[in-house]
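Chemist: Below you'll find the structure I mean.
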Amino acid sequence: MIYYKFAIYATYFISVILSYMILVTMVGYFRALVAKWMGDDTAERQGFLTLNPGVHVDIFGLVLLIFLGIGWGRQIPINPTQVHGPLRWLKLFLAMLSGVFAYLFFAVLGLVALAYTISPADAFGHIGSSVGASVSVISILDLFIAMCVFLAAMELVINVVLLGMLFVMERYEDAWQYASYAVLIIPILIFLLYGSQIQLLLAQGITTLAKLVARLLCRS
């Protein structure tokens with residue numbers, strides 16, 4: 001019994017670490033690539049346009065994720081002054097929220113995989129329900145999906161606040177002196193007050209998309 005419990009916890013920790021490393025590496029690379037496409041090569045020059053996990057993993061964020069369920073990867077820098085053109089705000093939107101789209105993409109993939117592992121009806125109501133419950137493909141996929149949703153919610157809150165502050169600062173010069181405080185405090189407050197609701201909305205969204213993908217795959 002002791003060895004079985006140890007195997008469960010060991011598998012859980014390994015699953016968390018592997019899921020985290022895969023996600024933050026792929027998403028960090030994608031965000032750096034989209035920023036480059038939009039005209040900002042800051043992330044590339046700082047070495048983030050790579051699939052080397054050591055560049056994207058934040059050790060402190062990983063430790064907190066393992067023990068507290070709250071973590072993050074290294075933030076990929078985006079310099080708004082490097083993005084130009086008539087569609088500048090659309091480019092900034094795509095660059096800054098590319099991480100959110102990437103996490104949701106992986107969440108949909110994970111949910112579709114879960115649907116093929118268990119019955120589709122159970123899969124699409126399954127997010128977050130079996131983490132740590134058993135050593136199985138189902139629990140690992142469930143953990144992976146829940147992590148995607150959580151990281152997507154964090155990325156969404158942080159980058160929407162950054163976009164909003166950038167919009168304000170470019171129109172009101174005096175706002176710059178308060179920017180550093182606002183960018184730190186506002187996302188924390190939003191996530192503490194509405195983090196669960198944001199994650200629920202994202203989970204509902206990826207469930208809808210995963211159902212559509214699963215139906216298309218079944219027809220083909």
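The chains in the structure tokens are called A, B, ... from first to last as shown; in each chain the residues are counted from 1, and the ligands are counted from 1 in the order shown.
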Which residues, written as a PDB file with N, CA and C atoms, in the first residue's frame, have at least one atom at most 8 Å from range 91-106 of chain A, with only C-alpha atoms counted and residues fewer than 6 positions away on the same chain left out?

Modeler:
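Here's the written file part_27.pdb:
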ATOM      1  N   LEU A  23       4.455  22.594 -21.911  1.00  0.00           N
ATOM      2  CA  LEU A  23       3.570  23.726 -22.174  1.00  0.00           C
ATOM      3  C   LEU A  23       4.323  25.046 -22.240  1.00  0.00           C
ATOM      4  N   VAL A  27       4.617  27.094 -25.709  1.00  0.00           N
ATOM      5  CA  VAL A  27       3.884  28.364 -25.714  1.00  0.00           C
ATOM      6  C   VAL A  27       4.854  29.545 -25.736  1.00  0.00           C
ATOM      7  N   GLY A  28       5.947  29.451 -24.976  1.00  0.00           N
ATOM      8  CA  GLY A  28       6.938  30.527 -24.989  1.00  0.00           C
ATOM      9  C   GLY A  28       7.556  30.701 -26.358  1.00  0.00           C
ATOM     10  N   PHE A  30       6.163  29.852 -29.221  1.00  0.00           N
ATOM     11  CA  PHE A  30       5.133  30.376 -30.117  1.00  0.00           C
ATOM     12  C   PHE A  30       4.927  31.872 -29.907  1.00  0.00           C
ATOM     13  N   ARG A  31       4.918  32.317 -28.660  1.00  0.00           N
ATOM     14  CA  ARG A  31       4.747  33.747 -28.375  1.00  0.00           C
ATOM     15  C   ARG A  31       5.909  34.554 -28.943  1.00  0.00           C
ATOM     16  N   VAL A  34       5.406  34.652 -32.776  1.00  0.00           N
ATOM     17  CA  VAL A  34       4.347  35.576 -33.193  1.00  0.00           C
ATOM     18  C   VAL A  34       4.816  37.025 -33.040  1.00  0.00           C
ATOM     19  N   ALA A  35       5.519  37.321 -31.944  1.00  0.00           N
ATOM     20  CA  ALA A  35       6.048  38.679 -31.751  1.00  0.00           C
ATOM     21  C   ALA A  35       6.983  39.052 -32.899  1.00  0.00           C
ATOM     22  N   MET A  38       5.053  39.900 -35.919  1.00  0.00           N
ATOM     23  CA  MET A  38       4.402  41.201 -35.789  1.00  0.00           C
ATOM     24  C   MET A  38       5.396  42.361 -35.858  1.00  0.00           C
ATOM     25  N   ILE A  78       7.785  41.536 -24.864  1.00  0.00           N
ATOM     26  CA  ILE A  78       7.288  42.166 -26.087  1.00  0.00           C
ATOM     27  C   ILE A  78       7.464  43.668 -25.942  1.00  0.00           C
ATOM     28  N   PRO A  80       6.402  47.087 -27.306  1.00  0.00           N
ATOM     29  CA  PRO A  80       5.372  47.703 -28.160  1.00  0.00           C
ATOM     30  C   PRO A  80       5.929  48.722 -29.143  1.00  0.00           C
ATOM     31  N   VAL A  83       6.574  47.478 -32.717  1.00  0.00           N
ATOM     32  CA  VAL A  83       5.438  47.071 -33.554  1.00  0.00           C
ATOM     33  C   VAL A  83       4.856  48.312 -34.218  1.00  0.00           C
ATOM     34  N   ILE A 145      -4.861  19.225 -19.048  1.00  0.00           N
ATOM     35  CA  ILE A 145      -5.909  20.165 -19.468  1.00  0.00           C
ATOM     36  C   ILE A 145      -6.121  21.244 -18.416  1.00  0.00           C
ATOM     37  N   CYS A 148      -3.371  23.724 -18.571  1.00  0.00           N
ATOM     38  CA  CYS A 148      -3.547  24.613 -19.736  1.00  0.00           C
ATOM     39  C   CYS A 148      -4.532  25.734 -19.422  1.00  0.00           C
ATOM     40  N   VAL A 149      -5.659  25.371 -18.828  1.00  0.00           N
ATOM     41  CA  VAL A 149      -6.705  26.353 -18.520  1.00  0.00           C
ATOM     42  C   VAL A 149      -6.198  27.378 -17.512  1.00  0.00           C
ATOM     43  N   LEU A 151      -3.007  28.270 -16.815  1.00  0.00           N
ATOM     44  CA  LEU A 151      -1.978  29.128 -17.407  1.00  0.00           C
ATOM     45  C   LEU A 151      -2.575  30.083 -18.436  1.00  0.00           C
ATOM     46  N   ALA A 152      -3.588  29.619 -19.181  1.00  0.00           N
ATOM     47  CA  ALA A 152      -4.271  30.495 -20.141  1.00  0.00           C
ATOM     48  C   ALA A 152      -4.968  31.639 -19.420  1.00  0.00           C
ATOM     49  N   ALA A 153      -5.605  31.327 -18.284  1.00  0.00           N
ATOM     50  CA  ALA A 153      -6.288  32.368 -17.507  1.00  0.00           C
ATOM     51  C   ALA A 153      -5.303  33.404 -16.988  1.00  0.00           C
ATOM     52  N   GLU A 155      -2.312  34.139 -18.286  1.00  0.00           N
ATOM     53  CA  GLU A 155      -1.833  34.899 -19.447  1.00  0.00           C
ATOM     54  C   GLU A 155      -2.865  35.925 -19.897  1.00  0.00           C
ATOM     55  N   LEU A 156      -4.129  35.527 -19.895  1.00  0.00           N
ATOM     56  CA  LEU A 156      -5.201  36.418 -20.328  1.00  0.00           C
ATOM     57  C   LEU A 156      -5.285  37.640 -19.435  1.00  0.00           C
ATOM     58  N   ASN A 159      -2.006  39.944 -19.711  1.00  0.00           N
ATOM     59  CA  ASN A 159      -1.797  40.639 -20.980  1.00  0.00           C
ATOM     60  C   ASN A 159      -2.925  41.586 -21.340  1.00  0.00           C
ATOM     61  N   VAL A 160      -4.143  41.300 -20.897  1.00  0.00           N
ATOM     62  CA  VAL A 160      -5.229  42.275 -21.090  1.00  0.00           C
ATOM     63  C   VAL A 160      -4.947  43.534 -20.277  1.00  0.00           C
ATOM     64  N   LEU A 163      -2.153  45.426 -22.072  1.00  0.00           N
ATOM     65  CA  LEU A 163      -2.686  46.131 -23.239  1.00  0.00           C
ATOM     66  C   LEU A 163      -3.469  47.375 -22.828  1.00  0.00           C
ATOM     67  N   LEU A 202     -13.169  29.727 -19.717  1.00  0.00           N
ATOM     68  CA  LEU A 202     -12.216  29.156 -20.670  1.00  0.00           C
ATOM     69  C   LEU A 202     -12.456  27.659 -20.838  1.00  0.00           C
ATOM     70  N   ILE A 206     -13.220  25.728 -24.363  1.00  0.00           N
ATOM     71  CA  ILE A 206     -12.442  24.639 -24.972  1.00  0.00           C
ATOM     72  C   ILE A 206     -13.274  23.364 -25.081  1.00  0.00           C
TER      73      ILE A 206
END

Chemist: Residues at most 10 Å from Val213 in chain A, counting only C-alpha atoms, excluding those fewer than 3 positions away in the same chain, as a ChimeraX atom specification?

Modeler: /A:108-109,111-112,207-210,216-219

Chemist: Any idea what's packed within 10 Å of Leu65 in chain A, counting only C-alpha atoms, ignoring anything in its chain fewer than 5 positions away? Could you give it as a PyMOL selection string?

Modeler: chain A and resi 16-17+20+59-60+70-72+147

Chemist: Just the selected residues (C-alpha atoms), exported as an mmCIF file, in the first residue's frame, please.

Modeler:
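Final output, saved to result08.cif:
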data_model
loop_
_atom_site.group_PDB
_atom_site.id
_atom_site.type_symbol
_atom_site.label_atom_id
_atom_site.label_comp_id
_atom_site.auth_asym_id
_atom_site.auth_seq_id
_atom_site.Cartn_x
_atom_site.Cartn_y
_atom_site.Cartn_z
ATOM 1 C CA VAL A 16 3.139 18.060 -13.381
ATOM 2 C CA ILE A 17 6.786 18.685 -14.250
ATOM 3 C CA TYR A 20 4.665 22.220 -17.282
ATOM 4 C CA ILE A 59 12.043 27.421 -11.290
ATOM 5 C CA PHE A 60 10.131 29.422 -8.679
ATOM 6 C CA ILE A 70 -0.169 28.210 -8.763
ATOM 7 C CA GLY A 71 2.721 28.725 -11.177
ATOM 8 C CA TRP A 72 3.991 30.255 -14.389
ATOM 9 C CA MET A 147 -2.873 23.230 -16.238
#

Chemist: Could you pull out the helix (DSSP H, G or I) residues of range 24-150 of chain A, going by DSSP on the backbone, and write them as a VMD selection string?

Modeler: chain A and resid 24 to 37 42 to 45 53 to 56 59 to 68 80 to 82 88 to 117 120 to 123 137 to 150

Chemist: Might you pull out every residue within 9 Å of Asp41 in chain A, with only C-alpha atoms counted and same-chain residues fewer than 3 positions away left off, and present them as a ChimeraX atom specification?

Modeler: /A:32-33,35-38,44-46,78-79,82

Chemist: Store the residues of this selection in a file with N, CA and C atoms, as a tab-separated table (two decimals), in the first residue's frame.

Modeler:
chain	number	residue	atom	x	y	z
A	32	ALA	N	7.13	34.05	-28.79
A	32	ALA	CA	8.30	34.74	-29.35
A	32	ALA	C	8.23	34.79	-30.87
A	33	LEU	N	7.74	33.69	-31.47
A	33	LEU	CA	7.62	33.63	-32.93
A	33	LEU	C	6.56	34.60	-33.44
A	35	ALA	N	5.52	37.32	-31.94
A	35	ALA	CA	6.05	38.68	-31.75
A	35	ALA	C	6.98	39.05	-32.90
A	36	LYS	N	7.81	38.10	-33.33
A	36	LYS	CA	8.71	38.36	-34.46
A	36	LYS	C	7.90	38.62	-35.73
A	37	TRP	N	6.86	37.81	-35.96
A	37	TRP	CA	6.00	38.02	-37.13
A	37	TRP	C	5.36	39.40	-37.12
A	38	MET	N	5.05	39.90	-35.92
A	38	MET	CA	4.40	41.20	-35.79
A	38	MET	C	5.40	42.36	-35.86
A	44	GLU	N	13.43	37.21	-29.61
A	44	GLU	CA	14.44	36.45	-30.35
A	44	GLU	C	15.83	36.86	-29.93
A	45	ARG	N	16.07	38.17	-29.80
A	45	ARG	CA	17.39	38.66	-29.42
A	45	ARG	C	17.77	38.26	-28.00
A	46	GLN	N	16.75	38.05	-27.16
A	46	GLN	CA	17.02	37.63	-25.78
A	46	GLN	C	17.04	36.11	-25.62
A	78	ILE	N	7.78	41.54	-24.86
A	78	ILE	CA	7.29	42.17	-26.09
A	78	ILE	C	7.46	43.67	-25.94
A	79	ASN	N	8.13	44.27	-26.91
A	79	ASN	CA	8.39	45.71	-26.90
A	79	ASN	C	7.40	46.40	-27.84
A	82	GLN	N	8.39	48.42	-30.99
A	82	GLN	CA	8.92	47.75	-32.17
A	82	GLN	C	7.82	47.30	-33.14

Chemist: CA of Leu200 in chain A to CA of Leu68 in chain A: how many Å, to one decimal?

Modeler: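 So the two atoms, CA of Leu200 in chain A and CA of Leu68 in chain A, lie 19.2 Å apart.
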
Chemist: Which distance in Å separates CA of Leu141 in chain A and CA of Gly110 in chain A, to one decimal?

Modeler: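 Computing it gives 6.1 Å between the two atoms.
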
Chemist: Give me, as a VMD selection string, all polymer residues having an atom no more than 12 Å from Leu184 in chain A, counting only C-alpha atoms and skipping those fewer than 2 positions away in the same chain.

Modeler: chain A and resid 157 to 159 161 to 162 165 178 to 182 186 to 191
